[in-house]
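Here the structure is laid out as structure tokens; the discussion comes afterwards.
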Amino acid sequence: MPCMTMSSFWQPVSMRIEGIQTEIDGVFTYDLRFTKSADRTSYHFEPGQFNMLYLPGVGEAAISLSGDRMAESVWRHTVRVAGRVTHTLSRCRVGDTLGVRGPFGQGWPIDAWVGDDIVLVAGGIGLAPMRPVIYEFLRRRAEFGQITLIHGARTPETLLYSTEHAGWERGGIVVQATVDRASSTWRGHQGVVTLLLDRLSIARPQRTHVAMCGPEIMMRYAAISAARRGISDERMWVSLERNMQCAAGLCGHCQLGPMFVCKDGPVFRADRVHSLLAVEAL
Amino acid sequence: MVAPLWLAPKERLQDLIDALRQRQYTVVAPVVDQAAIVYDEIDHIDRLPRGWIDSQAAGHYRLQPTSRDRWFDFVVGPDSWKKYLFPARCVLSTAKPLPDGWQFESAADDSPAYAFLGARACELAAIQVQDRVFLEGPWIDQIYQHRRSRAFIVAVNCTRSGENCFCVSMRTGPACHSGYDLALTETDEGFVVDIGSERGGDLIASLRLPEAPLEKCTAARLSQERAAMQQSKQMATGDLPNLLMTNLEHPRWKDVGDRCLSCTNCTMVCPTCFCCSVDDVTDLNTGAVERQRQWDSCFHEEFSNLNGRPVRNETRSRYRQWLTHKLATWHDQFDTSGCVGCGRCIAWCPVGIDITAEVAALREAPVRCPA
Ligand SMILES: Cc1cc2nc3c(=O)[nH]c(=O)nc-3n(C[C@H](O)[C@H](O)[C@H](O)COP(=O)(O)OP(=O)(O)OC[C@H]3O[C@@H](n4cnc5c(N)ncnc54)[C@H](O)[C@@H]3O)c2cc1C
Ligand code: SF4
Ligand code: SF4
């Protein structure tokens with residue numbers, strides 16, 4: 001009887017944890033390296049894409065690539081402890097192995113933004129899938145107009161990658177951080193990200209793109225403020241999150257109307273999903 | 001066009017089964033089990049549900065003996081061929097704990113080559129729908145591909161429509177037009193055999209059948225036409241995707257949501273539903289972990305879980321997801337309807353919810369609240 005081996009998208013490859021960095025309370029960045037060099041042939045990702053990280057016996061979680069796509073020695077993921085998989089991952093140590101499938105999905109359309117102004121709006125862990133975009137901007141800074149990052153978090157202590165912000169600013173990206181609850185030493189902004197978006201100087205709205213990643217409610221309000229600033233839906237981009245089992249559009253879980261968030265997204269141009277997101281519990 | 005052949009007396013169907021088995025096919029056919037006609041492996045015609053027909057209605061399915069000597073007068077039951085092409089549970093990969101970490105291995109699918117005996121027109125259409133899902137997207141399901149590419153299909157043209165059938169309005173039946181290797185039409189004395197592929201022609205050649213006499217061909221055609229005329233259930237499909245997507249807030253969703261038990265029956269019996277989920281099964285002795293895939297249903301509350309809460313938190317939104325996926329968004333995703341009009345979901349719904357009636361109700365009083 002002919003026997004088939006299924007080296008398919010379902011097949012995890014083994015990666016070893018090479019480094020673990022605590023970012024903020026409950027958020028860790030893992031550097032992963034393929035255990036077999038043969039697996040490196042597919043070693044390429046686009047900013048905004050994600051992997052399925054697999055802990056045998058526990059399960060899988062969709063986690064975005066959060067590192068520099070040109071840093072080819074490791075695949076970097078920043079993970080917030082949420083439930084079973086992410087909690088178990090937080091107990092893993094350097095040297096442990098895990099399974100990885102990917103990369104999956106459509107990333108940020110960086111090349112389509114060349115020549116234009118960019119506003120990145122990131123809430124909480126939503127900055128993780130945007131960091132590869134920031135690295136790309138830093139490398140190709142001259143190709144873009146004004147670039148602003150608006151990053152919101154609950155408290156100053158939960159701002160992500162805060163040690164890198166100064167370097168990003170030196171590289172020509174305006175970084176504006178805002179927190180819900182300020183501490184006595186906090187000298188930055190306080191309030192939701194939309195307040196910053198409302199106040200931002202947007203010189204040429206018809207040449208400005210807004211890219212958002214964070215809680216859906218945050219993105220909804222950010223889109224409303226961006227629209228008020230004259231930025232149309234066709235120049236807004238959102239990264240969505242849904243339950244995902246396969247990441248290849250074949251398990252059905254991540255559907256949003258006609259879209260499979262895993263393969264048609266997770267990054268969508270806002271006009272393609274705007275009316276769908278407006279329908280409750282779709 | 002090859003001339004149809006004549007397989008008679010009907011008992012010679014055994015010759016066809018034998019020929020398939022000689023070619024290493026595992027023959028799967030309708031059989032009676034627990035008061036329903038299901039699909040199972042057979043090696044003899046004795047196991048076919050000869051002399052049985054099904055009486056069906058919304059929420060109703062009963063087998064009855066028939067006085068006619070008919071072998072295939074029933075229509076479709078709770079099973080579909082999907083259970084062989086897209087198994088309800090299967091192993092995707094294994095993880096072995098070695099001293100230096102996990103080693104991942106792909107699982108081998110050692111399924112036999114199947115011959116489906118008795119696939120109906122709507123079922124061929126359902127297989128073609130799943131072909132689009134599993135074989136024609138950016139990612140290919142290799143388990144499906146492996147099983148599908150080797151499957152031999154002996155179709156049977158329906159000569160009787162069931163009470164829940166609406167294949168005519170879905171343009172999928174009752175006659176088989178493509179997607180089979182051989183197609184049988186039952187008459188009083190035997191089967192008219194149409195050849196649908198080279199593979200089918202090669203296989204049937206070994207039976208040395210005569211050409212079907214003209215009057216048998218005519219009788220076969222007329223009985224297919226009769227089955228089509230008999231069909232009373234229908235679904236108006238004109239502009240349906242647009243109608244549904246502009247009525248996502250229609251009060252009918254609440255109405256049907258209040259009746260629906262969210263039991264998942266409709267999705268389990270549907271021959272095109274492909275949703276699945278994945279979990280791990282650990283061997284406590286070796287520590288090896290199997291990654292297993294199983295059928296899932298959009299009617300399960302946890303199905304849409306996101307950050308610990310379901311996106312579709314009520315039955316209303318889950319029924320809406322199911323119906324709009326079948327009849328509207330499936331077109332966007334796969335350029336075909338996700339419903340082939342087989343009527344299974346109608347028969348096996350414990351509260352008798354009828355997809356055609358739900359569509360008719362929306363059509364009658366659209367509210368047009370655009371998505
Ligand atoms: C495309 C995409 C990209 C993503 N990128 C990232 C990323 O870069 N970084 C990241 O951190 N996340 C990311 N996520 C989210 C991440 O996939 C989920 O947080 C993760 O799947 C959670 O898996 P889990 O097994 O740890 O949690 P699960 O066990 O599935 O639990 C999920 C939720 O259930 C709740 N929960 C679980 N257990 C309990 C309990 N015992 N009691 C009460 N509540 C409980 C928690 O609220 C938790 O948030 C991404 C998601 C998608 C779809
Ligand atoms: S939706 Fe119902 S009638 Fe349509 S193919 Fe599925 S089970 Fe058959
Ligand atoms: S429509 Fe009927 S079969 Fe489907 S989930 Fe609801 S009660 Fe069950």
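Labels for the structure tokens follow display order: chains A, B, ..., residues from 1 in each chain, ligands from 1.
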
Inset, instruction - Compile the contact shell of A:Ala248 as a list of chain:residue names: residues with an atom at most 10 Å away, counting only C-alpha atoms, same-chain residues fewer than 4 positions apart removed. - result: A:Phe9, A:Trp10, A:Gly102, A:Phe104, A:Gly105, A:Met244, A:Gly252, A:Phe260, A:Val261, A:Cys262, A:Lys263, A:Asp264, B:Gly137, B:Pro138, B:Trp139, B:Ile140, B:Asp141

Inset, instruction - Mind the document's chain letters and residue numbers, and return as a PyMOL selection string the residues of stretch 90-219 of chain A that DSSP labels helix (DSSP H, G or I). - result: chain A and resi 90+110-113+124-139+141-143+156-158+162-170+193-199+205-207+216-219

Inset, instruction - Kindly compile the residues surrounding ligand 3 within 10 Å, counting only C-alpha atoms and all ligand atoms, and format them as a count of residues only. - result: 39

Inset, instruction - Could you give me the residues within stretch 4-233 of chain A that DSSP places in strand (DSSP E or B), as a PyMOL selection string? - result: chain A and resi 4-5+13-24+27-34+50-55+59-65+75-80+97-104+106+117-123+147-153+174-179+189-190+208-213

Show me, as CSV, the residues of chain A having an atom within 9 Å of chain B, each with the closest atom pair and its distance in Å, using only C-alpha atoms.
```
residue,atom,partner,partner_atom,distance
A:Met1,CA,B:Pro112,CA,7.1
A:Pro2,CA,B:Asp110,CA,7.4
A:Cys3,CA,B:Asp110,CA,5.5
A:Met4,CA,B:Ala108,CA,5.6
A:Thr5,CA,B:Ala108,CA,5.0
A:Met6,CA,B:Ser106,CA,5.6
A:Ser7,CA,B:Ser106,CA,6.3
A:Ser8,CA,B:Gln142,CA,6.8
A:Phe9,CA,B:Trp139,CA,7.3
A:Trp10,CA,B:Leu92,CA,6.6
A:Gln11,CA,B:Ser106,CA,6.3
A:Pro12,CA,B:Phe104,CA,6.5
A:Val13,CA,B:Phe104,CA,6.4
A:Ser14,CA,B:Phe104,CA,6.6
A:Met15,CA,B:Trp102,CA,8.9
A:Arg16,CA,B:Gly101,CA,8.2
A:Pro56,CA,B:Val289,CA,6.1
A:Gly57,CA,B:Asp280,CA,5.4
A:Val58,CA,B:Asp280,CA,7.0
A:Gly59,CA,B:Asp279,CA,6.7
A:Glu60,CA,B:Asp279,CA,8.8
A:Ala82,CA,B:Asn307,CA,7.5
A:Gly83,CA,B:Gly308,CA,8.3
A:Gly95,CA,B:Gly101,CA,8.4
A:Asp96,CA,B:Gly101,CA,6.4
A:Thr97,CA,B:Gly101,CA,5.3
A:Leu98,CA,B:Trp102,CA,6.6
A:Gly99,CA,B:Phe104,CA,7.5
A:Glu241,CA,B:Leu306,CA,7.8
A:Arg242,CA,B:Leu306,CA,5.9
A:Asn243,CA,B:Leu306,CA,5.6
A:Met244,CA,B:Ser304,CA,8.7
A:Gln245,CA,B:Ser277,CA,5.8
A:Cys246,CA,B:Ser277,CA,7.8
A:Ala248,CA,B:Trp139,CA,6.1
A:Gly249,CA,B:Trp139,CA,7.8
A:Leu250,CA,B:Cys275,CA,7.0
A:Cys251,CA,B:Cys275,CA,4.7
A:Gly252,CA,B:Cys275,CA,4.8
A:His253,CA,B:Ser304,CA,6.1
A:Cys254,CA,B:Ser304,CA,7.3
A:Gln255,CA,B:Ser304,CA,8.8
A:Gly257,CA,B:Thr329,CA,6.3
A:Pro258,CA,B:Thr329,CA,4.6
A:Met259,CA,B:Gln333,CA,7.5
A:Phe260,CA,B:Gln333,CA,8.6
A:Lys263,CA,B:Pro138,CA,8.6
A:His274,CA,B:Ala371,CA,8.7
A:Ser275,CA,B:Ala371,CA,4.9
A:Leu276,CA,B:Ala371,CA,5.7
A:Leu277,CA,B:Ala371,CA,8.7
A:Ala278,CA,B:Ala371,CA,7.5
A:Val279,CA,B:Ala371,CA,6.8
A:Glu280,CA,B:Ser317,CA,8.4
A:Ala281,CA,B:Arg312,CA,4.7
A:Leu282,CA,B:Arg312,CA,6.5
```

Legend entry - Surroundings of ligand 1 up to 6 Å, based on only C-alpha atoms and all ligand atoms, as an MDAnalysis selection string: (chainID A and resid 50 61:64 78:80 82:87 128:129 241:242 266) or (chainID B and resid 307:308)

Could those selected residues go to a file with all heavy atoms, as a short mmCIF file (atom, residue, chain, number, x, y, z; two decimals), in the first residue's frame?
```cif
data_model
loop_
_atom_site.label_atom_id
_atom_site.label_comp_id
_atom_site.auth_asym_id
_atom_site.auth_seq_id
_atom_site.Cartn_x
_atom_site.Cartn_y
_atom_site.Cartn_z
N PHE A 50 2.88 35.60 11.30
CA PHE A 50 2.94 34.92 12.60
C PHE A 50 3.30 33.46 12.43
O PHE A 50 3.21 32.91 11.33
CB PHE A 50 1.59 35.05 13.33
CG PHE A 50 0.44 34.37 12.62
CD1 PHE A 50 0.06 33.08 12.99
CD2 PHE A 50 -0.26 34.99 11.60
CE1 PHE A 50 -0.99 32.43 12.34
CE2 PHE A 50 -1.31 34.35 10.95
CZ PHE A 50 -1.67 33.07 11.32
N ALA A 61 -0.22 28.11 19.99
CA ALA A 61 -0.70 29.49 20.04
C ALA A 61 -0.13 30.25 18.84
O ALA A 61 1.02 30.02 18.44
CB ALA A 61 -0.27 30.16 21.34
N ALA A 62 -0.96 31.13 18.30
CA ALA A 62 -0.50 31.99 17.20
C ALA A 62 0.29 33.13 17.79
O ALA A 62 -0.21 33.86 18.63
CB ALA A 62 -1.72 32.53 16.44
N ILE A 63 1.54 33.27 17.37
CA ILE A 63 2.39 34.33 17.90
C ILE A 63 3.12 35.01 16.74
O ILE A 63 3.74 34.36 15.91
CB ILE A 63 3.42 33.78 18.92
CG1 ILE A 63 2.74 33.03 20.07
CG2 ILE A 63 4.31 34.90 19.44
CD1 ILE A 63 1.90 33.86 21.03
N SER A 64 3.03 36.33 16.73
CA SER A 64 3.65 37.09 15.65
C SER A 64 5.16 37.06 15.75
O SER A 64 5.72 36.92 16.84
CB SER A 64 3.21 38.55 15.72
OG SER A 64 1.82 38.62 15.77
N THR A 78 7.52 37.69 20.85
CA THR A 78 7.22 38.29 22.15
C THR A 78 5.84 37.82 22.58
O THR A 78 4.86 37.98 21.85
CB THR A 78 7.27 39.83 22.06
OG1 THR A 78 8.57 40.20 21.58
CG2 THR A 78 7.01 40.47 23.41
N VAL A 79 5.79 37.21 23.75
CA VAL A 79 4.58 36.49 24.15
C VAL A 79 4.06 37.00 25.49
O VAL A 79 4.81 37.10 26.47
CB VAL A 79 4.88 34.97 24.28
CG1 VAL A 79 3.60 34.21 24.63
CG2 VAL A 79 5.50 34.43 22.99
N ARG A 80 2.79 37.29 25.52
CA ARG A 80 2.13 37.67 26.77
C ARG A 80 1.45 36.43 27.35
O ARG A 80 0.77 35.70 26.63
CB ARG A 80 1.07 38.74 26.48
CG ARG A 80 0.37 39.29 27.72
CD ARG A 80 -0.61 40.41 27.33
NE ARG A 80 -1.64 39.90 26.41
CZ ARG A 80 -2.83 39.43 26.81
NH1 ARG A 80 -3.13 39.39 28.09
NH2 ARG A 80 -3.71 39.00 25.91
N ALA A 82 -1.21 34.37 28.62
CA ALA A 82 -2.67 34.53 28.57
C ALA A 82 -3.37 33.29 29.11
O ALA A 82 -4.29 33.40 29.92
CB ALA A 82 -3.11 34.79 27.13
N GLY A 83 -2.94 32.12 28.69
CA GLY A 83 -3.63 30.89 29.09
C GLY A 83 -2.65 29.74 29.10
O GLY A 83 -1.47 29.90 29.41
N ARG A 84 -3.15 28.58 28.74
CA ARG A 84 -2.40 27.34 28.90
C ARG A 84 -1.03 27.33 28.20
O ARG A 84 -0.01 27.09 28.82
CB ARG A 84 -3.22 26.18 28.34
CG ARG A 84 -3.95 25.37 29.40
CD ARG A 84 -5.07 24.57 28.78
NE ARG A 84 -4.58 23.58 27.80
CZ ARG A 84 -4.08 22.39 28.14
NH1 ARG A 84 -4.00 22.05 29.40
NH2 ARG A 84 -3.67 21.54 27.22
N VAL A 85 -1.05 27.60 26.90
CA VAL A 85 0.18 27.49 26.13
C VAL A 85 1.19 28.55 26.54
O VAL A 85 2.36 28.26 26.81
CB VAL A 85 -0.11 27.59 24.61
CG1 VAL A 85 1.19 27.61 23.82
CG2 VAL A 85 -1.01 26.45 24.17
N THR A 86 0.69 29.77 26.62
CA THR A 86 1.61 30.86 26.91
C THR A 86 2.13 30.77 28.34
O THR A 86 3.27 31.14 28.62
CB THR A 86 0.92 32.22 26.67
OG1 THR A 86 -0.36 32.20 27.33
CG2 THR A 86 0.70 32.44 25.19
N HIS A 87 1.32 30.23 29.22
CA HIS A 87 1.78 30.06 30.60
C HIS A 87 2.87 28.97 30.66
O HIS A 87 3.91 29.16 31.32
CB HIS A 87 0.62 29.71 31.52
CG HIS A 87 1.03 29.55 32.95
ND1 HIS A 87 1.39 30.63 33.73
CD2 HIS A 87 1.19 28.45 33.71
CE1 HIS A 87 1.74 30.20 34.93
NE2 HIS A 87 1.64 28.88 34.95
N ALA A 128 4.17 44.14 19.36
CA ALA A 128 5.06 43.04 18.95
C ALA A 128 5.05 42.82 17.43
O ALA A 128 6.11 42.81 16.80
CB ALA A 128 4.71 41.76 19.70
N PRO A 129 3.90 42.66 16.80
CA PRO A 129 3.90 42.45 15.34
C PRO A 129 4.31 43.69 14.56
O PRO A 129 4.52 43.62 13.35
CB PRO A 129 2.46 42.06 15.02
CG PRO A 129 1.66 42.32 16.21
CD PRO A 129 2.56 42.49 17.38
N GLU A 241 -7.26 39.55 15.30
CA GLU A 241 -6.99 38.33 16.04
C GLU A 241 -8.28 37.52 16.10
O GLU A 241 -9.35 38.07 16.35
CB GLU A 241 -6.55 38.73 17.46
CG GLU A 241 -5.75 37.71 18.18
CD GLU A 241 -5.47 38.13 19.62
OE1 GLU A 241 -5.17 39.32 19.85
OE2 GLU A 241 -5.57 37.28 20.49
N ARG A 242 -8.18 36.23 15.84
CA ARG A 242 -9.32 35.32 15.99
C ARG A 242 -8.78 33.97 16.43
O ARG A 242 -7.57 33.72 16.33
CB ARG A 242 -10.06 35.14 14.65
CG ARG A 242 -10.98 36.29 14.24
CD ARG A 242 -12.17 36.41 15.16
NE ARG A 242 -13.08 37.51 14.82
CZ ARG A 242 -12.94 38.77 15.24
NH1 ARG A 242 -11.90 39.11 15.99
NH2 ARG A 242 -13.82 39.70 14.92
N PRO A 266 -3.33 38.28 8.98
CA PRO A 266 -4.11 39.07 9.95
C PRO A 266 -4.17 40.56 9.64
O PRO A 266 -5.00 41.25 10.19
CB PRO A 266 -3.35 38.83 11.27
CG PRO A 266 -1.95 38.52 10.87
CD PRO A 266 -2.06 37.79 9.56
N ASN B 307 -9.38 35.17 23.54
CA ASN B 307 -9.07 35.69 24.86
C ASN B 307 -10.06 35.18 25.91
O ASN B 307 -10.54 35.93 26.75
CB ASN B 307 -9.04 37.22 24.85
CG ASN B 307 -7.99 37.73 23.88
OD1 ASN B 307 -6.91 37.17 23.79
ND2 ASN B 307 -8.32 38.76 23.12
N GLY B 308 -10.38 33.90 25.79
CA GLY B 308 -11.20 33.27 26.81
C GLY B 308 -12.70 33.45 26.66
O GLY B 308 -13.47 32.92 27.44
#
```

Inset, instruction - Pick out the residues sitting within 12 Å of stretch 8-12 of chain B, and hand them over as a ChimeraX atom specification; count only C-alpha atoms, and ignore anything fewer than 3 positions along from it in its own chain. - result: /B:5,15-19,44-46,48,50,69-72,184-193,204,207-213,216

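Residue nearest A:Ile231 within the list A:Val119, A:Thr163, A:Thr178, A:Met52: A:Val119 [criterion: smallest interatomic distance, only C-alpha atoms].
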
Legend entry - Straight-line distance linking atom CA of B:Arg160 with atom CA of B:Cys122, stated in Å to one decimal: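 So the two atoms, atom CA of B:Arg160 and atom CA of B:Cys122, lie 13.3 Å apart.
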
Inset, instruction - Find the residues near B:Ala29: any atom within 10 Å, counting only C-alpha atoms, skip ones fewer than 2 places away on the same chain, and give them as a PyMOL selection string. - result: chain B and resi 26-27+31+37-45+47-49+81+115-119+154

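Using only C-alpha atoms, the shortest contact distance between B:Cys339 and any of B:Val32, B:Ala360, B:Leu214, B:Met170 is found at B:Met170.
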
Legend entry - Residue neighbourhood A:Gly124, 10 Å, only C-alpha atoms, exclusion window fewer than 5 positions, as a list of chain:residue names: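 Here the qualifying residues turn out to be A:Arg80, A:His151, A:Gly152, A:Ala153, A:Arg154, A:Thr155, A:Thr158, A:Leu159, A:Leu160, A:Val179, A:Cys213, A:Gly214, A:Pro215.
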